[in-house]
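Printed here is model_13.txt (compact mmCIF, C-alpha atoms):
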```
# COMPACT_ATOMS: atom_id res chain seq x y z
CA MET A 100 0.00 0.00 0.00
CA ARG A 101 1.36 3.40 -1.03
CA HIS A 102 0.32 6.68 0.55
CA LEU A 103 0.28 10.03 -1.28
CA PHE A 104 -0.26 13.23 0.68
CA VAL A 105 -1.35 16.09 -1.59
CA MET A 106 -0.87 19.39 0.26
CA ASN A 107 -2.37 22.68 -0.88
CA PRO A 108 -0.29 25.55 0.58
CA HIS A 109 -3.03 28.03 -0.29
CA ALA A 110 -5.84 26.30 1.62
CA GLY A 111 -7.22 28.31 4.52
CA LYS A 112 -5.96 31.71 5.57
CA PHE A 113 -2.25 30.81 5.67
CA ASP A 114 0.18 28.13 4.50
CA ARG A 115 0.07 25.13 6.84
CA SER A 116 1.82 22.68 4.53
CA GLN A 117 5.06 22.61 6.54
CA GLU A 118 3.10 21.86 9.71
CA MET A 119 1.28 19.08 7.87
CA LEU A 120 4.55 17.69 6.48
CA GLU A 121 6.04 17.41 9.96
CA LYS A 122 2.92 15.63 11.15
CA ILE A 123 3.13 13.20 8.22
CA ARG A 124 6.80 12.44 8.89
CA HIS A 125 6.03 11.71 12.53
CA ILE A 126 3.06 9.47 11.78
CA MET A 127 4.78 7.54 8.98
CA ALA A 128 8.05 7.02 10.88
CA GLY A 129 8.62 3.32 11.43
CA ARG A 130 5.96 2.21 8.98
CA ARG A 131 7.09 0.04 6.08
CA SER A 132 4.64 1.61 3.65
CA GLU A 133 5.97 3.75 0.82
CA TRP A 134 4.79 7.37 1.06
CA SER A 135 5.30 10.77 -0.50
CA ALA A 136 4.06 14.29 0.21
CA VAL A 137 3.77 16.92 -2.52
CA ARG A 138 2.74 20.57 -2.41
CA THR A 139 0.39 21.59 -5.21
CA GLU A 140 1.52 24.37 -7.52
CA GLY A 141 -1.73 25.54 -9.06
CA SER A 142 -5.15 24.62 -10.36
CA GLY A 143 -5.41 21.04 -11.61
CA HIS A 144 -2.06 19.96 -10.17
CA ALA A 145 -3.64 17.72 -7.51
CA THR A 146 -5.63 15.85 -10.16
CA ARG A 147 -2.53 15.25 -12.25
CA LEU A 148 -0.56 14.04 -9.23
CA VAL A 149 -3.21 11.44 -8.42
CA GLN A 150 -3.52 10.28 -12.02
CA GLU A 151 0.25 9.87 -12.36
CA ALA A 152 0.53 7.97 -9.06
CA ALA A 153 -2.41 5.73 -10.00
CA GLN A 154 -0.69 4.62 -13.20
CA GLN A 155 1.60 2.31 -11.21
CA GLY A 156 -1.43 0.09 -10.63
CA ASP A 157 -0.80 -0.97 -7.02
CA PRO A 158 -3.11 -0.01 -4.11
CA LEU A 159 -2.87 3.71 -3.40
CA ARG A 160 -4.30 5.90 -0.67
CA VAL A 161 -4.47 9.64 -1.35
CA TYR A 162 -4.86 12.27 1.36
CA ALA A 163 -6.29 15.62 0.21
CA CYS A 164 -4.57 18.00 2.63
CA GLY A 165 -6.44 21.24 1.97
CA GLY A 166 -9.98 22.47 1.59
CA ASP A 167 -12.99 21.38 -0.42
CA GLY A 168 -11.30 22.38 -3.69
CA THR A 169 -8.30 20.15 -2.95
CA LEU A 170 -10.60 17.23 -2.18
CA ASN A 171 -12.48 17.84 -5.42
CA GLU A 172 -9.28 17.77 -7.48
CA VAL A 173 -8.10 14.58 -5.79
CA VAL A 174 -11.50 12.95 -6.38
CA ASN A 175 -11.32 13.88 -10.07
CA GLY A 176 -7.97 12.13 -10.30
CA ALA A 177 -9.20 8.99 -8.54
CA ALA A 178 -12.73 8.62 -9.98
CA GLY A 179 -13.43 5.18 -11.40
CA GLN A 180 -10.12 3.67 -10.24
CA ALA A 181 -10.89 0.88 -7.79
CA HIS A 182 -7.28 0.58 -6.59
CA VAL A 183 -7.20 4.25 -5.51
CA ALA A 184 -8.90 5.50 -2.34
CA VAL A 185 -9.08 9.10 -1.12
CA THR A 186 -9.76 10.96 2.09
CA HIS A 187 -9.70 14.52 3.38
CA CYS A 188 -7.19 15.98 5.84
CA PRO A 189 -8.93 19.32 6.49
CA MET A 190 -6.84 22.48 6.09
CA GLY A 191 -9.43 24.74 4.43
CA SER A 192 -11.99 27.21 5.73
CA GLY A 193 -15.08 25.14 4.90
CA ASN A 194 -14.30 21.39 4.76
CA ASP A 195 -17.97 20.88 3.98
CA PHE A 196 -18.11 17.26 2.84
CA LEU A 197 -16.76 16.06 6.19
CA ARG A 198 -19.70 17.66 8.02
CA ILE A 199 -21.76 14.67 6.90
CA PHE A 200 -19.87 12.66 9.53
CA GLY A 201 -21.25 14.81 12.36
CA GLN A 202 -19.11 14.69 15.52
CA ASP A 203 -16.81 12.17 13.82
CA ALA A 204 -15.67 14.89 11.38
CA ALA A 205 -13.14 16.10 13.96
CA ARG A 206 -11.37 12.74 13.76
CA PHE A 207 -10.21 13.48 10.20
CA TRP A 208 -7.69 15.91 11.71
CA GLN A 209 -5.93 12.92 13.29
CA LEU A 210 -3.83 11.25 10.59
CA GLU A 211 -3.21 8.16 12.68
CA GLN A 212 -6.95 7.40 12.53
CA LEU A 213 -6.98 7.57 8.74
CA LEU A 214 -3.98 5.44 7.77
CA ASP A 215 -5.64 2.06 8.31
CA GLY A 216 -9.27 3.17 8.24
CA PRO A 217 -12.01 1.35 6.31
CA GLN A 218 -13.16 2.52 2.89
CA THR A 219 -16.37 2.48 0.90
CA ALA A 220 -17.49 3.32 -2.62
CA MET A 221 -19.11 6.77 -2.75
CA ASP A 222 -21.38 8.06 -5.52
CA LEU A 223 -20.28 10.95 -7.71
CA ILE A 224 -22.10 13.74 -9.51
CA GLU A 225 -20.87 14.49 -13.02
CA CYS A 226 -21.30 18.04 -14.31
CA ASN A 227 -20.24 18.64 -17.92
CA GLY A 228 -17.34 16.22 -17.51
CA ARG A 229 -16.21 17.24 -14.00
CA TYR A 230 -16.87 15.10 -10.94
CA SER A 231 -18.34 16.25 -7.64
CA LEU A 232 -18.43 14.25 -4.41
CA ASN A 233 -20.61 16.69 -2.51
CA VAL A 234 -22.93 19.31 -4.07
CA CYS A 235 -23.44 21.04 -7.42
CA SER A 236 -25.45 24.26 -7.54
CA VAL A 237 -26.60 26.74 -10.18
CA GLY A 238 -27.97 30.26 -9.87
CA PHE A 239 -28.21 32.50 -6.83
CA ASP A 240 -26.33 30.07 -4.64
CA ALA A 241 -23.44 29.55 -7.03
CA ARG A 242 -23.04 33.30 -7.38
CA ILE A 243 -22.87 33.55 -3.60
CA GLY A 244 -20.28 30.78 -3.43
CA PHE A 245 -17.89 32.26 -5.95
CA GLY A 246 -18.42 35.73 -4.57
CA ALA A 247 -17.43 34.52 -1.09
CA ALA A 248 -13.81 34.35 -2.24
CA ASP A 249 -13.78 38.16 -2.18
CA PHE A 250 -14.43 38.10 1.57
CA LYS A 251 -12.62 34.98 2.85
CA LYS A 252 -9.22 36.64 3.02
CA LEU A 253 -10.47 39.52 5.16
CA PRO A 254 -9.21 39.50 8.77
CA LEU A 255 -11.50 37.77 11.28
CA VAL A 256 -13.92 36.62 8.56
CA SER A 257 -14.81 32.93 8.87
CA GLY A 258 -15.99 30.75 5.99
CA THR A 259 -19.62 31.09 7.11
CA ALA A 260 -19.36 34.87 7.48
CA ALA A 261 -17.83 35.16 4.00
CA TYR A 262 -20.81 33.37 2.49
CA GLN A 263 -23.23 35.55 4.44
CA MET A 264 -21.55 38.72 3.18
CA SER A 265 -21.56 37.42 -0.38
CA ALA A 266 -25.25 36.51 -0.03
CA LEU A 267 -26.12 40.08 0.91
CA ARG A 268 -24.26 41.45 -2.10
CA THR A 269 -25.93 38.94 -4.43
CA ILE A 270 -29.39 39.83 -3.12
CA ILE A 271 -28.77 43.46 -3.98
CA ARG A 272 -27.58 42.60 -7.51
CA GLY A 273 -30.46 40.23 -8.39
CA ILE A 274 -31.56 36.77 -7.34
CA HIS A 275 -33.12 34.89 -10.28
CA LEU A 276 -32.29 34.17 -13.94
CA PRO A 277 -34.00 32.43 -16.90
CA TYR A 278 -33.40 28.66 -17.11
CA ARG A 279 -35.09 25.65 -18.66
CA VAL A 280 -34.88 22.85 -16.09
CA GLU A 281 -35.54 19.13 -16.62
CA ILE A 282 -35.17 16.37 -14.01
CA ASP A 283 -35.34 12.76 -15.21
CA GLY A 284 -37.46 13.79 -18.21
CA GLU A 285 -39.84 16.07 -16.27
CA PHE A 286 -39.68 19.80 -17.02
CA MET A 287 -39.96 22.00 -13.96
CA PRO A 288 -42.70 24.67 -14.09
CA GLY A 289 -41.65 28.25 -14.82
CA ASP A 290 -38.88 29.87 -16.82
CA ARG A 291 -37.01 31.80 -14.12
CA PHE A 292 -35.32 30.22 -11.13
CA THR A 293 -33.48 31.40 -8.06
CA LEU A 294 -31.52 28.27 -7.17
CA LEU A 295 -30.89 24.71 -8.39
CA CYS A 296 -29.01 22.07 -6.39
CA ALA A 297 -27.93 18.47 -6.88
CA CYS A 298 -26.88 16.95 -3.55
CA ASN A 299 -24.80 13.86 -2.89
CA GLY A 300 -23.59 15.25 0.44
CA ARG A 301 -25.53 17.37 2.93
CA TYR A 302 -23.49 20.51 3.57
CA TYR A 303 -21.77 23.19 1.51
CA GLY A 304 -21.19 26.92 1.44
CA GLY A 305 -19.49 27.01 4.82
CA GLY A 306 -22.14 24.93 6.60
CA PHE A 307 -25.40 25.44 4.68
CA ASN A 308 -27.52 22.29 4.91
CA PRO A 309 -29.70 22.08 1.76
CA SER A 310 -30.49 18.36 1.93
CA PRO A 311 -30.33 16.88 5.44
CA THR A 312 -31.36 13.43 4.17
CA ALA A 313 -28.84 13.07 1.31
CA MET A 314 -26.77 9.89 1.36
CA PRO A 315 -23.51 9.74 -0.60
CA ASP A 316 -23.71 6.01 -1.29
CA ASP A 317 -27.37 5.27 -2.09
CA GLY A 318 -27.25 5.51 -5.89
CA MET A 319 -29.51 8.57 -6.03
CA LEU A 320 -29.19 12.37 -5.96
CA ASP A 321 -31.37 14.83 -4.08
CA PHE A 322 -32.45 17.72 -6.35
CA ILE A 323 -33.68 21.06 -5.03
CA VAL A 324 -35.35 23.60 -7.33
CA ILE A 325 -36.33 27.07 -6.08
CA PRO A 326 -38.40 29.04 -8.64
CA ALA A 327 -38.10 32.83 -8.89
CA VAL A 328 -38.78 34.51 -5.54
CA SER A 329 -38.64 38.10 -4.34
CA ARG A 330 -35.75 39.65 -2.43
CA PHE A 331 -37.95 39.80 0.65
CA THR A 332 -38.81 36.10 0.40
CA VAL A 333 -35.23 34.99 -0.21
CA LEU A 334 -34.08 36.32 3.17
CA ALA A 335 -36.38 33.90 5.01
CA LEU A 336 -35.57 31.17 2.49
CA ILE A 337 -31.83 31.41 3.16
CA LYS A 338 -32.31 30.88 6.89
CA LYS A 339 -34.37 27.73 6.38
CA PHE A 340 -32.05 26.50 3.63
CA ALA A 341 -29.04 26.93 5.92
CA ARG A 342 -30.67 25.12 8.86
CA GLY A 343 -31.70 22.04 6.89
CA GLU A 344 -35.36 23.02 6.77
CA ILE A 345 -35.87 22.72 3.02
CA GLY A 346 -39.13 20.87 3.61
CA ASP A 347 -40.54 24.00 5.25
CA ILE A 348 -39.99 26.16 2.14
CA PRO A 349 -43.34 26.09 0.26
CA GLN A 350 -41.80 27.25 -3.05
CA ALA A 351 -39.22 24.45 -3.11
CA ILE A 352 -39.58 21.60 -5.61
CA LEU A 353 -37.85 18.49 -4.24
CA ARG A 354 -36.99 15.40 -6.25
CA ARG A 355 -34.84 12.31 -5.87
CA GLY A 356 -33.39 11.14 -9.15
CA ARG A 357 -30.43 10.69 -11.42
CA ALA A 358 -30.17 13.59 -13.88
CA MET A 359 -30.91 17.31 -14.13
CA ASN A 360 -30.43 19.21 -17.40
CA VAL A 361 -30.37 23.00 -17.40
CA ARG A 362 -30.47 25.19 -20.50
CA CYS A 363 -29.42 28.81 -20.07
CA ASP A 364 -29.61 31.84 -22.35
CA ARG A 365 -26.16 32.98 -21.21
CA LEU A 366 -22.91 31.52 -19.91
CA THR A 367 -23.77 30.28 -16.42
CA ALA A 368 -21.56 29.38 -13.48
CA VAL A 369 -21.96 26.04 -11.71
CA ASN A 370 -20.55 25.44 -8.25
CA VAL A 371 -18.97 21.97 -8.32
CA ASP A 372 -17.72 21.41 -4.77
CA GLY A 373 -16.48 24.99 -4.81
CA GLU A 374 -14.87 24.69 -8.25
CA LEU A 375 -16.15 26.62 -11.26
CA VAL A 376 -17.73 24.99 -14.30
CA GLU A 377 -19.38 27.24 -16.92
CA GLY A 378 -21.76 26.52 -19.77
CA THR A 379 -25.10 27.25 -21.42
CA ASP A 380 -26.19 23.60 -21.57
CA LEU A 381 -25.57 21.94 -18.23
CA SER A 382 -25.76 18.20 -17.57
CA ILE A 383 -25.74 17.39 -13.85
CA ARG A 384 -26.21 13.67 -13.28
CA LEU A 385 -25.32 10.68 -11.18
CA SER A 386 -22.06 9.39 -12.62
CA ASP A 387 -21.45 5.82 -13.68
CA GLN A 388 -18.12 6.14 -11.85
CA LYS A 389 -17.58 5.95 -8.10
CA VAL A 390 -14.72 6.90 -5.81
CA GLN A 391 -13.32 4.89 -2.92
CA PHE A 392 -13.36 7.01 0.26
CA PHE A 393 -11.66 6.03 3.52
CA TYR A 394 -12.36 7.35 6.99
CA PRO A 395 -11.67 6.70 10.70
CA ALA A 396 -12.86 3.34 11.95
CA GLY A 397 -16.31 3.59 13.49
CA ALA A 398 -17.11 6.97 11.92
CA THR A 399 -20.48 7.14 10.17
CA TRP A 400 -22.36 9.40 7.79
CA GLN A 401 -25.69 7.64 8.43
CA GLY A 402 -27.10 10.14 10.92
CA ALA A 403 -30.56 9.73 12.40
CA ARG A 404 -32.10 12.42 10.19
CA ALA A 405 -30.54 10.99 7.04
CA CYS A 406 -31.87 7.52 7.77
CA LYS A 407 -35.51 8.67 7.95
CA GLU A 408 -37.80 7.81 5.08
CA LYS A 409 -37.37 10.55 2.44
CA ALA A 410 -41.04 11.39 2.13
CA CYS A 411 -40.31 15.01 1.23
CA MET A 412 -38.24 14.00 -1.82
CA VAL A 413 -41.08 12.48 -3.85
CA LYS A 414 -43.41 14.00 -6.41
```

Is it possible to express this structure as structure tokens?
Amino acid sequence: MRHLFVMNPHAGKFDRSQEMLEKIRHIMAGRRSEWSAVRTEGSGHATRLVQEAAQQGDPLRVYACGGDGTLNEVVNGAAGQAHVAVTHCPMGSGNDFLRIFGQDAARFWQLEQLLDGPQTAMDLIECNGRYSLNVCSVGFDARIGFGAADFKKLPLVSGTAAYQMSALRTIIRGIHLPYRVEIDGEFMPGDRFTLLCACNGRYYGGGFNPSPTAMPDDGMLDFIVIPAVSRFTVLALIKKFARGEIGDIPQAILRRGRAMNVRCDRLTAVNVDGELVEGTDLSIRLSDQKVQFFYPAGATWQGARACKEKACMVK
């Protein structure tokens, strides 16, 4: 078994890669396993590192040492390769996918709990050729997400606060756009929408909880469609959306399915686990590929709320 630690020096508010490297050296000392640690040098580098390491063909474990973007790049390098497993060593400001593990999420900080941890095959979302382990979103929410980068580097601004500040700015600029939306062959009513989400995980945007019942390994996606709403309405909507109360939003259209197609009259941004994908014809679907994900022994993503019957996600 080989171990590859992919470290993003730009994750979070400051470079913690040297601290992580010292931790890796300490944990791996005395182990017979081959390992390497590499700092990423720019966008796409983590994906290339995983693909190159995977070409050797022997069992490989990859540790995404960074934020949600680093995990996304590592996942895109490992997707569909059964001999490659990935995990997340959180160094970013959001680390949203790990929130699905509840209190066990804190254990991902402890490398010694990851090295020999169990693994499972997780579903993936595919958006115009890019993979997502967690959440894809289009519209108001995506504009908030990409706008949050303008605020994250400000002193004393947390990941959640950055998203809240970006949300306020987006509300002022405008909250809905024209789309044509189809889910598993059914066209959604209306021609203007505020927000569209495809959820494999439960949290994103610094802790927003759009789909509290989503399961990353059940072979289905949870889709959320919010038609055009007013600025006044969206303020109340955001609070419920953030708290995992999507079922209490009367305007929300909720579906469980496999594919959402979105046609836009202009180039539109899609949030793919925090990474940007743009297009006018968007295909957001459950991928045929999966990714092996490993985690601390005994940790679980099958929380009580997620295990309830998904009565709200039917027609």

Taking all atoms listed in the file into account, produce a table as CSV in which each residue of region 213-294 of chain A with an atom at most 8 Å from an atom of region 188-204 of chain A appears once, together with its shortest atom pair and the distance in Å to one decimal, ordered by chain and rising number.
```
residue,atom,partner,partner_atom,distance
A:Leu232,CA,A:Phe196,CA,7.9
A:Asn233,CA,A:Phe196,CA,5.9
A:Ser257,CA,A:Ser192,CA,7.1
A:Gly258,CA,A:Ser192,CA,5.3
A:Thr259,CA,A:Gly193,CA,7.8
```

### Message
Give me the residues near Pro254 (chain A) as a ChimeraX atom specification, where near means some atom within 12 Å (using all atoms listed in the file) and where sequence neighbours in that chain fewer than 6 positions away do not count.
### Response
/A:112-113,260-261

### Query
In Å, with one decimal, what is the gap from CA of Ala178 (chain A) to CA of Tyr394 (chain A)?
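Answer for the CA of Ala178 (chain A) to CA of Tyr394 (chain A) separation: 17.0 Å.
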
Which neighbours of region 295-311 of chain A fall inside 6 Å, counting all atoms listed in the file, when residues of the same chain fewer than 5 positions from it are skipped, and could you give them as a PDB file with C-alpha atoms, in the coordinates of the input?
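Dumped to selection_24.pdb:
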```pdb
ATOM      1  CA  GLY A 193     -15.080  25.140   4.900  1.00  0.00           C
ATOM      2  CA  ASP A 195     -17.970  20.880   3.980  1.00  0.00           C
ATOM      3  CA  ASN A 233     -20.610  16.690  -2.510  1.00  0.00           C
ATOM      4  CA  VAL A 234     -22.930  19.310  -4.070  1.00  0.00           C
ATOM      5  CA  CYS A 235     -23.440  21.040  -7.420  1.00  0.00           C
ATOM      6  CA  SER A 236     -25.450  24.260  -7.540  1.00  0.00           C
ATOM      7  CA  VAL A 237     -26.600  26.740 -10.180  1.00  0.00           C
ATOM      8  CA  GLY A 258     -15.990  30.750   5.990  1.00  0.00           C
ATOM      9  CA  THR A 259     -19.620  31.090   7.110  1.00  0.00           C
ATOM     10  CA  LEU A 320     -29.190  12.370  -5.960  1.00  0.00           C
ATOM     11  CA  ASP A 321     -31.370  14.830  -4.080  1.00  0.00           C
ATOM     12  CA  PHE A 322     -32.450  17.720  -6.350  1.00  0.00           C
ATOM     13  CA  ILE A 323     -33.680  21.060  -5.030  1.00  0.00           C
ATOM     14  CA  VAL A 324     -35.350  23.600  -7.330  1.00  0.00           C
ATOM     15  CA  PHE A 340     -32.050  26.500   3.630  1.00  0.00           C
ATOM     16  CA  ALA A 341     -29.040  26.930   5.920  1.00  0.00           C
ATOM     17  CA  ARG A 342     -30.670  25.120   8.860  1.00  0.00           C
ATOM     18  CA  GLY A 343     -31.700  22.040   6.890  1.00  0.00           C
TER      19      GLY A 343
END
```

### Message
Using Å and a single decimal, report how far CA of Gly318 (chain A) sits from CA of Gly156 (chain A).
### Response
26.8 Å

### Query
Residues around (-4.9, 17.7, -9.6), cut-off 10 Å, counting all atoms listed in the file - what are they as a VMD selection string?
chain A and resid 105 139 to 151 168 to 177

### Task
Please indicate the distance in Å from CA of Thr186 (chain A) to CA of Met119 (chain A), rounded to one decimal place.
14.9 Å
